[in-house]
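Contents: one structure, followed by commentary.
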Amino acid sequence: STAVCRDIAVPADMIVEENGIFTITVETFNPNDVITGPSTATVTIVDNDGAAVSIQETEISIIEGTSGEICIVLENGDLERNVSVTLTTAAGTAGDNDFSYLANEVLTIPSAAAVGTVVCHNITVSDDMIMEDSETFTISVETINPNDVVIGPSTATVTIVDIDGAAISIQETDISIVEGTGGEICIVLENGELERNLSVTLTTTAGTAGVTDFSLFANEVLTIPSTATVSTAVCRNISVLADMIVEDNETFTISVETSNPNDVILGPST
């Protein structure tokens with residue numbers, strides 16, 4: 001049972017590659033001696049050189065109803081094997097039905113790739129036709145080979161940019177208020193599926209009435225809450241001062257503008 005051994009040296013080549021193999025054949029000198037079992041040993045060189053990759057953009061914005069992509073970049077060279085990562089999505093304020101779900105989806109940089117090579121995976125975002133704030137989800141990137149590493153953040157955040165707009169109208173575009181009293185201007189929600197607040201700004205402009213005759217608005221915010229249903233009206237009080245002057249009726253205007261560019265005003269905006 002005596003064993004004698006011969007050392008085998010394997011140099012480090014600093015090349016990212018698959019494991020390599022070679023064989024060692026054993027032969028006896030004396031023809032009377034025999035080798036029991038196989039006369040060849042197979043040696044596997046376990047590669048420990050790793051590739052470095054990074055996420056090209058860790059903050060990604062995609063308009064709902066369209067698609068975008070997540071990309072990884074090869075950061076080092078001498079690549080003689082494929083480098084693969086897995087992509088996995090996780091819901092945030094966006095739910096799983098808002099985007100293409102990924103569960104350990106494989107993305108591969110081929111073995112012939114040079115430093116700086118970029119490979120991408122498509123991400124599809126659905127249009128839910130709901131008026132809501134922009135939503136987010138994340139995509140995590142993990143290397144499959146334990147020698148490979150992700151440089152920098154290993155997670156990308158994707159923002160789904162909502163393009164669904166609300167329609168509102170001014171309830172009355174000709175308002176009469178007795179001086180020394182108050183009145184109101186109201187806006188009405190004309191469509192539904194509202195899951196975000198809807199805000200407009202009110203700005204007064206003097207006409208025959210001067211700015212000292214009424215409560216002055218300069219981008220005054222008026223908001224329909226996210227829980228509102230169609231035809232919900234919200235109002236803002238308007239105060240008119242009594243000036244104790246005998247004069248003709250006077251006028252001023254209130255302009256209404258939406259804060260979200262996707263929202264629209266039906267009919268007159270003043």
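Residues in the structure tokens are numbered from 1 in each chain, the chains being A, B, ... in the order shown, and ligands are numbered from 1 in the order shown.
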Listing only residues of segment 98-163 of chain A within 7 Å of segment 193-217 of chain A, what is the closest atom pair and its distance in Å (to one decimal) for each, using only C-alpha atoms, sorted by chain and residue number ascending, as CSV?
residue,atom,partner,partner_atom,distance
A:Ile130,CA,A:Glu193,CA,5.2
A:Met131,CA,A:Leu194,CA,4.9
A:Glu132,CA,A:Arg196,CA,4.5
A:Asp133,CA,A:Arg196,CA,5.7
Item to complete: Would you mind listing what lies within 8 Å of Ile265 of chain A as a PyMOL selection string, with only C-alpha atoms counted and same-chain residues fewer than 3 positions away left out?
Response: chain A and resi 167-170+257-258+268-269
Worksheet item: Between A:Val119, A:Val240, A:Val43, A:Ile177, which has the minimum distance to Ile21 of chain A (counting only C-alpha atoms)?
Response: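 Looking only at the distances to Ile21 of chain A, the closest residue turns out to be A:Val43.
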Worksheet, complete the sentence: Judged by only C-alpha atoms, the minimum distance to Cys235 of chain A among A:Asp248, A:Glu172, A:Glu179, A:Asp96 is found for A:Glu172
Discussion item. With distances taken over only C-alpha atoms, which residue among A:Thr88, A:Ser239, A:Thr251, A:Thr124 lies nearest Ser100 of chain A?
Written reply: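 Closest candidate: A:Thr124.
Proximity of A:Ile163, A:Val264, A:Ile151, A:Phe252 to Ile187 of chain A, computed with only C-alpha atoms, is greatest for A:Val264.
With only C-alpha atoms as the atoms that count, the minimum distance from Ser54 of chain A to the choices A:Thr136, A:Thr117, A:Thr23, A:Thr28 is reached by A:Thr117.
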Excluding same-chain residues fewer than 6 positions from Leu74 of chain A, what lies within 7 Å of it counting only C-alpha atoms, as a PDB file with C-alpha atoms, in the first residue's frame?
ATOM      1  CA  ALA A  52     -16.149  41.540 -14.103  1.00  0.00           C
ATOM      2  CA  VAL A  53     -19.430  42.924 -15.393  1.00  0.00           C
ATOM      3  CA  SER A  54     -21.499  45.985 -14.532  1.00  0.00           C
ATOM      4  CA  VAL A 115     -13.821  44.694 -23.128  1.00  0.00           C
ATOM      5  CA  GLY A 116     -16.739  47.111 -23.235  1.00  0.00           C
ATOM      6  CA  THR A 117     -19.067  44.656 -24.958  1.00  0.00           C
ATOM      7  CA  VAL A 118     -22.717  45.316 -24.022  1.00  0.00           C
TER       8      VAL A 118
END
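Proximity to Val85 of chain A was assessed for A:Asp174, A:Asp148, A:Asp164, A:Glu190 counting only C-alpha atoms; the smallest distance is recorded for A:Asp148.
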Fill in: Spatial neighbours of Ser84 of chain A, 8 Å, only C-alpha atoms, chain gap at least 4 places, as a ChimeraX atom specification
/A:106-109,143-145
The selected residues should be written to file as a PDB file, in the first residue's frame (atoms: N, CA, C and O atoms).
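This went into result.pdb:
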ATOM      1  N   VAL A 106     -31.571  34.170 -18.107  1.00  0.00           N
ATOM      2  CA  VAL A 106     -30.132  34.158 -18.384  1.00  0.00           C
ATOM      3  C   VAL A 106     -29.790  35.153 -19.496  1.00  0.00           C
ATOM      4  O   VAL A 106     -30.423  35.171 -20.557  1.00  0.00           O
ATOM      5  N   LEU A 107     -28.778  35.971 -19.232  1.00  0.00           N
ATOM      6  CA  LEU A 107     -28.237  36.913 -20.219  1.00  0.00           C
ATOM      7  C   LEU A 107     -26.743  36.604 -20.339  1.00  0.00           C
ATOM      8  O   LEU A 107     -26.038  36.551 -19.324  1.00  0.00           O
ATOM      9  N   THR A 108     -26.250  36.417 -21.578  1.00  0.00           N
ATOM     10  CA  THR A 108     -24.893  35.898 -21.782  1.00  0.00           C
ATOM     11  C   THR A 108     -24.033  36.811 -22.646  1.00  0.00           C
ATOM     12  O   THR A 108     -24.471  37.264 -23.709  1.00  0.00           O
ATOM     13  N   ILE A 109     -22.820  37.067 -22.163  1.00  0.00           N
ATOM     14  CA  ILE A 109     -21.780  37.704 -22.973  1.00  0.00           C
ATOM     15  C   ILE A 109     -20.981  36.577 -23.603  1.00  0.00           C
ATOM     16  O   ILE A 109     -20.427  35.729 -22.894  1.00  0.00           O
ATOM     17  N   THR A 143     -24.241  36.805 -11.004  1.00  0.00           N
ATOM     18  CA  THR A 143     -23.381  35.988 -11.861  1.00  0.00           C
ATOM     19  C   THR A 143     -23.640  34.507 -11.583  1.00  0.00           C
ATOM     20  O   THR A 143     -23.953  34.116 -10.459  1.00  0.00           O
ATOM     21  N   ILE A 144     -23.507  33.708 -12.628  1.00  0.00           N
ATOM     22  CA  ILE A 144     -23.702  32.258 -12.478  1.00  0.00           C
ATOM     23  C   ILE A 144     -22.406  31.587 -12.030  1.00  0.00           C
ATOM     24  O   ILE A 144     -22.415  30.716 -11.163  1.00  0.00           O
ATOM     25  N   ASN A 145     -21.288  31.996 -12.610  1.00  0.00           N
ATOM     26  CA  ASN A 145     -19.979  31.446 -12.226  1.00  0.00           C
ATOM     27  C   ASN A 145     -19.501  32.166 -10.963  1.00  0.00           C
ATOM     28  O   ASN A 145     -19.442  33.398 -10.938  1.00  0.00           O
TER      29      ASN A 145
END
Discussion item. Applying 12 Å and only C-alpha atoms, which residues near Arg81 of chain A remain after dropping the ones on its own chain fewer than 6 positions away? List them as a list in words.
Written reply: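 The contact residues come out as Ile15, Val16, Glu17, Glu18, Asn19, Gly20, Asp47, Asp49, Gly50, Ala51, Thr108, Ile109, Pro110, Ser111, Ala112, Ala113, Ala114, Asn145 and Asp148 of chain A.
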Selected residues written out, all heavy atoms, as a CSV table (one decimal), in the first residue's frame:
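Saved to result.csv:
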chain,number,residue,atom,x,y,z
A,15,ILE,N,-6.6,34.1,-17.7
A,15,ILE,CA,-7.5,34.1,-18.8
A,15,ILE,C,-8.8,33.6,-18.2
A,15,ILE,O,-8.9,32.5,-17.6
A,15,ILE,CB,-7.0,33.3,-19.9
A,15,ILE,CG1,-5.8,33.9,-20.5
A,15,ILE,CG2,-8.1,33.2,-21.0
A,15,ILE,CD1,-5.1,33.0,-21.6
A,16,VAL,N,-9.9,34.3,-18.5
A,16,VAL,CA,-11.3,33.8,-18.1
A,16,VAL,C,-11.7,32.8,-19.1
A,16,VAL,O,-12.0,33.1,-20.3
A,16,VAL,CB,-12.3,35.0,-18.1
A,16,VAL,CG1,-13.6,34.5,-17.6
A,16,VAL,CG2,-11.8,36.1,-17.2
A,17,GLU,N,-11.7,31.5,-18.7
A,17,GLU,CA,-12.0,30.4,-19.6
A,17,GLU,C,-12.7,29.3,-18.9
A,17,GLU,O,-12.8,29.3,-17.6
A,17,GLU,CB,-10.6,29.9,-20.1
A,17,GLU,CG,-9.7,29.5,-19.1
A,17,GLU,CD,-8.2,29.3,-19.5
A,17,GLU,OE1,-8.0,29.2,-20.7
A,17,GLU,OE2,-7.3,29.3,-18.6
A,18,GLU,N,-13.1,28.3,-19.7
A,18,GLU,CA,-13.7,27.1,-19.1
A,18,GLU,C,-12.5,26.3,-18.4
A,18,GLU,O,-11.4,26.5,-18.7
A,18,GLU,CB,-14.3,26.2,-20.2
A,18,GLU,CG,-15.4,26.9,-21.0
A,18,GLU,CD,-16.7,27.1,-20.2
A,18,GLU,OE1,-16.8,26.6,-19.0
A,18,GLU,OE2,-17.7,27.6,-20.7
A,19,ASN,N,-12.9,25.3,-17.6
A,19,ASN,CA,-11.9,24.4,-17.0
A,19,ASN,C,-11.2,23.6,-18.1
A,19,ASN,O,-11.9,23.3,-19.1
A,19,ASN,CB,-12.6,23.4,-16.0
A,19,ASN,CG,-13.1,24.1,-14.8
A,19,ASN,OD1,-12.7,25.2,-14.4
A,19,ASN,ND2,-14.0,23.4,-14.1
A,20,GLY,N,-9.9,23.4,-18.0
A,20,GLY,CA,-9.2,22.6,-19.0
A,20,GLY,C,-8.8,21.3,-18.5
A,20,GLY,O,-8.8,21.0,-17.3
A,47,ASP,N,-10.4,26.5,-13.5
A,47,ASP,CA,-10.1,27.9,-13.8
A,47,ASP,C,-10.7,28.8,-12.6
A,47,ASP,O,-11.8,28.6,-12.2
A,47,ASP,CB,-10.8,28.4,-15.1
A,47,ASP,CG,-10.4,29.8,-15.4
A,47,ASP,OD1,-9.2,30.0,-15.8
A,47,ASP,OD2,-11.2,30.7,-15.3
A,49,ASP,N,-10.1,32.3,-12.7
A,49,ASP,CA,-10.0,33.6,-13.2
A,49,ASP,C,-11.5,34.1,-13.5
A,49,ASP,O,-12.2,33.4,-14.1
A,49,ASP,CB,-9.2,33.7,-14.5
A,49,ASP,CG,-7.8,33.3,-14.3
A,49,ASP,OD1,-7.2,33.9,-13.3
A,49,ASP,OD2,-7.3,32.4,-15.0
A,50,GLY,N,-11.9,35.2,-12.9
A,50,GLY,CA,-13.2,35.7,-13.0
A,50,GLY,C,-13.4,36.9,-13.9
A,50,GLY,O,-12.5,37.7,-14.1
A,51,ALA,N,-14.6,37.0,-14.5
A,51,ALA,CA,-14.9,38.2,-15.3
A,51,ALA,C,-15.6,39.2,-14.4
A,51,ALA,O,-16.3,38.9,-13.4
A,51,ALA,CB,-15.8,37.8,-16.5
A,108,THR,N,-26.3,36.4,-21.6
A,108,THR,CA,-24.9,35.9,-21.8
A,108,THR,C,-24.0,36.8,-22.6
A,108,THR,O,-24.5,37.3,-23.7
A,108,THR,CB,-25.0,34.5,-22.4
A,108,THR,OG1,-25.7,33.6,-21.6
A,108,THR,CG2,-23.6,33.9,-22.7
A,109,ILE,N,-22.8,37.1,-22.2
A,109,ILE,CA,-21.8,37.7,-23.0
A,109,ILE,C,-21.0,36.6,-23.6
A,109,ILE,O,-20.4,35.7,-22.9
A,109,ILE,CB,-20.9,38.6,-22.1
A,109,ILE,CG1,-21.7,39.7,-21.5
A,109,ILE,CG2,-19.7,39.2,-22.9
A,109,ILE,CD1,-20.9,40.6,-20.5
A,110,PRO,N,-20.9,36.5,-24.9
A,110,PRO,CA,-20.2,35.4,-25.6
A,110,PRO,C,-18.7,35.4,-25.4
A,110,PRO,O,-18.1,36.5,-25.1
A,110,PRO,CB,-20.6,35.6,-27.1
A,110,PRO,CG,-20.8,37.0,-27.2
A,110,PRO,CD,-21.4,37.5,-25.9
A,111,SER,N,-18.1,34.3,-25.6
A,111,SER,CA,-16.7,34.1,-25.3
A,111,SER,C,-15.8,34.9,-26.1
A,111,SER,O,-14.6,35.2,-25.8
A,111,SER,CB,-16.3,32.6,-25.4
A,111,SER,OG,-16.5,32.2,-26.7
A,112,ALA,N,-16.2,35.4,-27.3
A,112,ALA,CA,-15.4,36.2,-28.2
A,112,ALA,C,-15.5,37.7,-27.9
A,112,ALA,O,-14.8,38.5,-28.5
A,112,ALA,CB,-15.8,35.9,-29.6
A,113,ALA,N,-16.2,38.0,-26.9
A,113,ALA,CA,-16.4,39.4,-26.6
A,113,ALA,C,-15.2,40.2,-26.1
A,113,ALA,O,-14.3,39.6,-25.4
A,113,ALA,CB,-17.5,39.6,-25.5
A,114,ALA,N,-15.1,41.4,-26.5
A,114,ALA,CA,-14.0,42.3,-26.1
A,114,ALA,C,-14.5,43.2,-24.9
A,114,ALA,O,-15.7,43.3,-24.6
A,114,ALA,CB,-13.6,43.2,-27.2
A,145,ASN,N,-21.3,32.0,-12.6
A,145,ASN,CA,-20.0,31.4,-12.2
A,145,ASN,C,-19.5,32.2,-11.0
A,145,ASN,O,-19.4,33.4,-10.9
A,145,ASN,CB,-19.0,31.6,-13.4
A,145,ASN,CG,-17.7,30.9,-13.1
A,145,ASN,OD1,-17.1,31.1,-12.1
A,145,ASN,ND2,-17.2,30.2,-14.1
A,148,ASP,N,-17.0,35.0,-11.2
A,148,ASP,CA,-17.3,36.3,-11.8
A,148,ASP,C,-17.9,37.2,-10.8
A,148,ASP,O,-18.5,36.8,-9.8
A,148,ASP,CB,-18.3,36.1,-13.0
A,148,ASP,CG,-17.7,35.2,-14.1
A,148,ASP,OD1,-16.5,35.2,-14.2
A,148,ASP,OD2,-18.5,34.6,-14.8
Item to complete: Would you mind listing what lies within 7 Å of Val230 of chain A as a ChimeraX atom specification, with only C-alpha atoms counted and same-chain residues fewer than 6 positions away left out?
Response: /A:189-192
Worksheet entry | Å distance separating atom CA of Ala9 of chain A from atom CA of Thr40 of chain A, one decimal place |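 Spanning atom CA of Ala9 of chain A to atom CA of Thr40 of chain A is a straight-line distance of 17.7 Å.
Between atom CA of Ile175 of chain A and atom CA of Val234 of chain A lies a distance of 15.5 Å.
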Worksheet item: Could you name the residues that touch Phe137 of chain A at 6 Å or less, counting only C-alpha atoms, but leaving out those on the same chain fewer than 6 positions away, as a PyMOL selection string?
Response: chain A and resi 90-92+94+157-158
Those residues with C-alpha atoms, as a PDB file, in the first residue's frame please?
ATOM      1  CA  ALA A  90     -39.150  42.251  -8.007  1.00  0.00           C
ATOM      2  CA  ALA A  91     -42.333  44.286  -7.689  1.00  0.00           C
ATOM      3  CA  GLY A  92     -42.183  47.686  -6.031  1.00  0.00           C
ATOM      4  CA  ALA A  94     -45.522  48.512  -9.748  1.00  0.00           C
ATOM      5  CA  THR A 157     -34.547  50.369 -10.630  1.00  0.00           C
ATOM      6  CA  VAL A 158     -37.056  50.719 -13.450  1.00  0.00           C
TER       7      VAL A 158
END
Name the residues of segment 39-263 of chain A that fall into strand (DSSP E) according to DSSP on the backbone, using the chain letters and numbers of this document, as a tab-separated table (two decimals) with C-alpha atoms, in the first residue's frame.
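Output saved as selection.tsv:
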chain	number	residue	atom	x	y	z
A	40	THR	CA	-4.25	7.06	-17.58
A	41	ALA	CA	-5.23	9.81	-15.16
A	42	THR	CA	-7.30	12.79	-16.28
A	43	VAL	CA	-6.38	16.08	-14.68
A	44	THR	CA	-8.90	18.95	-14.65
A	45	ILE	CA	-7.50	22.46	-14.36
A	52	ALA	CA	-16.15	41.54	-14.10
A	53	VAL	CA	-19.43	42.92	-15.39
A	54	SER	CA	-21.50	45.98	-14.53
A	55	ILE	CA	-25.05	47.23	-15.12
A	59	GLU	CA	-31.90	53.96	-13.21
A	60	ILE	CA	-34.12	53.10	-16.18
A	61	SER	CA	-37.31	54.92	-17.26
A	62	ILE	CA	-39.83	53.30	-19.59
A	63	ILE	CA	-43.10	54.86	-20.78
A	67	SER	CA	-40.46	48.64	-23.89
A	68	GLY	CA	-36.91	49.30	-22.76
A	69	GLU	CA	-33.89	47.23	-21.88
A	70	ILE	CA	-31.42	46.37	-19.16
A	71	CYS	CA	-27.82	45.99	-20.30
A	72	ILE	CA	-24.66	44.53	-18.77
A	73	VAL	CA	-21.12	45.51	-19.76
A	74	LEU	CA	-17.95	43.38	-19.81
A	83	VAL	CA	-20.03	34.89	-19.05
A	84	SER	CA	-23.65	34.58	-17.94
A	85	VAL	CA	-25.78	36.40	-15.42
A	86	THR	CA	-29.35	35.91	-14.26
A	87	LEU	CA	-31.99	38.64	-14.19
A	88	THR	CA	-34.82	38.59	-11.66
A	89	THR	CA	-37.55	41.20	-11.28
A	90	ALA	CA	-39.15	42.25	-8.01
A	91	ALA	CA	-42.33	44.29	-7.69
A	105	GLU	CA	-33.58	34.85	-16.90
A	106	VAL	CA	-30.13	34.16	-18.38
A	107	LEU	CA	-28.24	36.91	-20.22
A	108	THR	CA	-24.89	35.90	-21.78
A	109	ILE	CA	-21.78	37.70	-22.97
A	118	VAL	CA	-22.72	45.32	-24.02
A	119	VAL	CA	-25.51	42.75	-24.06
A	120	CYS	CA	-29.12	43.65	-23.30
A	121	HIS	CA	-32.45	42.09	-22.42
A	122	ASN	CA	-35.79	43.59	-23.44
A	123	ILE	CA	-38.26	44.76	-20.78
A	124	THR	CA	-41.92	45.24	-21.71
A	135	GLU	CA	-44.39	53.27	-10.47
A	136	THR	CA	-41.17	51.34	-9.96
A	137	PHE	CA	-39.84	47.79	-9.88
A	138	THR	CA	-36.31	46.37	-9.63
A	139	ILE	CA	-34.17	43.94	-11.60
A	140	SER	CA	-31.40	42.13	-9.74
A	141	VAL	CA	-28.34	40.81	-11.59
A	142	GLU	CA	-26.36	37.79	-10.33
A	143	THR	CA	-23.38	35.99	-11.86
A	149	VAL	CA	-18.37	39.53	-10.10
A	150	VAL	CA	-20.76	42.41	-10.63
A	155	THR	CA	-29.78	46.01	-8.91
A	156	ALA	CA	-31.42	48.35	-11.43
A	157	THR	CA	-34.55	50.37	-10.63
A	158	VAL	CA	-37.06	50.72	-13.45
A	159	THR	CA	-39.56	53.58	-13.39
A	160	ILE	CA	-42.78	53.12	-15.35
A	161	VAL	CA	-43.75	56.59	-16.59
A	167	ALA	CA	-60.08	65.07	-18.17
A	168	ILE	CA	-61.59	67.87	-16.11
A	169	SER	CA	-63.80	70.85	-16.79
A	170	ILE	CA	-64.71	74.13	-15.10
A	182	GLY	CA	-67.88	85.12	-1.51
A	183	GLY	CA	-68.37	82.57	-4.24
A	184	GLU	CA	-66.44	79.64	-5.61
A	185	ILE	CA	-64.86	78.18	-8.70
A	186	CYS	CA	-65.22	74.42	-9.13
A	187	ILE	CA	-63.55	71.82	-11.34
A	188	VAL	CA	-65.19	68.51	-12.26
A	189	LEU	CA	-63.59	65.13	-12.97
A	198	LEU	CA	-55.19	65.34	-9.86
A	199	SER	CA	-54.14	68.93	-9.32
A	200	VAL	CA	-54.72	72.19	-11.16
A	201	THR	CA	-53.48	75.69	-10.52
A	202	LEU	CA	-55.71	78.77	-10.31
A	203	THR	CA	-54.42	82.19	-11.27
A	204	THR	CA	-56.43	85.43	-11.19
A	205	THR	CA	-56.04	88.27	-13.65
A	206	ALA	CA	-57.49	91.74	-13.17
A	220	GLU	CA	-53.15	78.36	-6.19
A	221	VAL	CA	-53.39	74.55	-6.12
A	222	LEU	CA	-56.76	72.80	-6.22
A	223	THR	CA	-56.73	68.99	-5.98
A	224	ILE	CA	-59.14	66.19	-6.82
A	233	ALA	CA	-66.35	68.42	-8.09
A	234	VAL	CA	-63.86	70.30	-5.93
A	235	CYS	CA	-64.11	74.02	-5.32
A	236	ARG	CA	-62.06	76.99	-4.18
A	237	ASN	CA	-63.58	79.94	-2.37
A	238	ILE	CA	-63.38	83.39	-3.97
A	239	SER	CA	-63.72	86.48	-1.79
A	252	PHE	CA	-61.78	89.57	-13.43
A	253	THR	CA	-60.73	86.14	-14.73
A	254	ILE	CA	-59.43	82.93	-13.18
A	255	SER	CA	-57.32	80.70	-15.42
A	256	VAL	CA	-57.07	76.96	-14.72
A	257	GLU	CA	-54.03	74.89	-15.71
A	258	THR	CA	-53.30	71.21	-15.12
Item to complete: To one decimal in Å, tell me the separation between atom CA of Asn219 of chain A and atom CA of Met244 of chain A.
Response: 29.3 Å
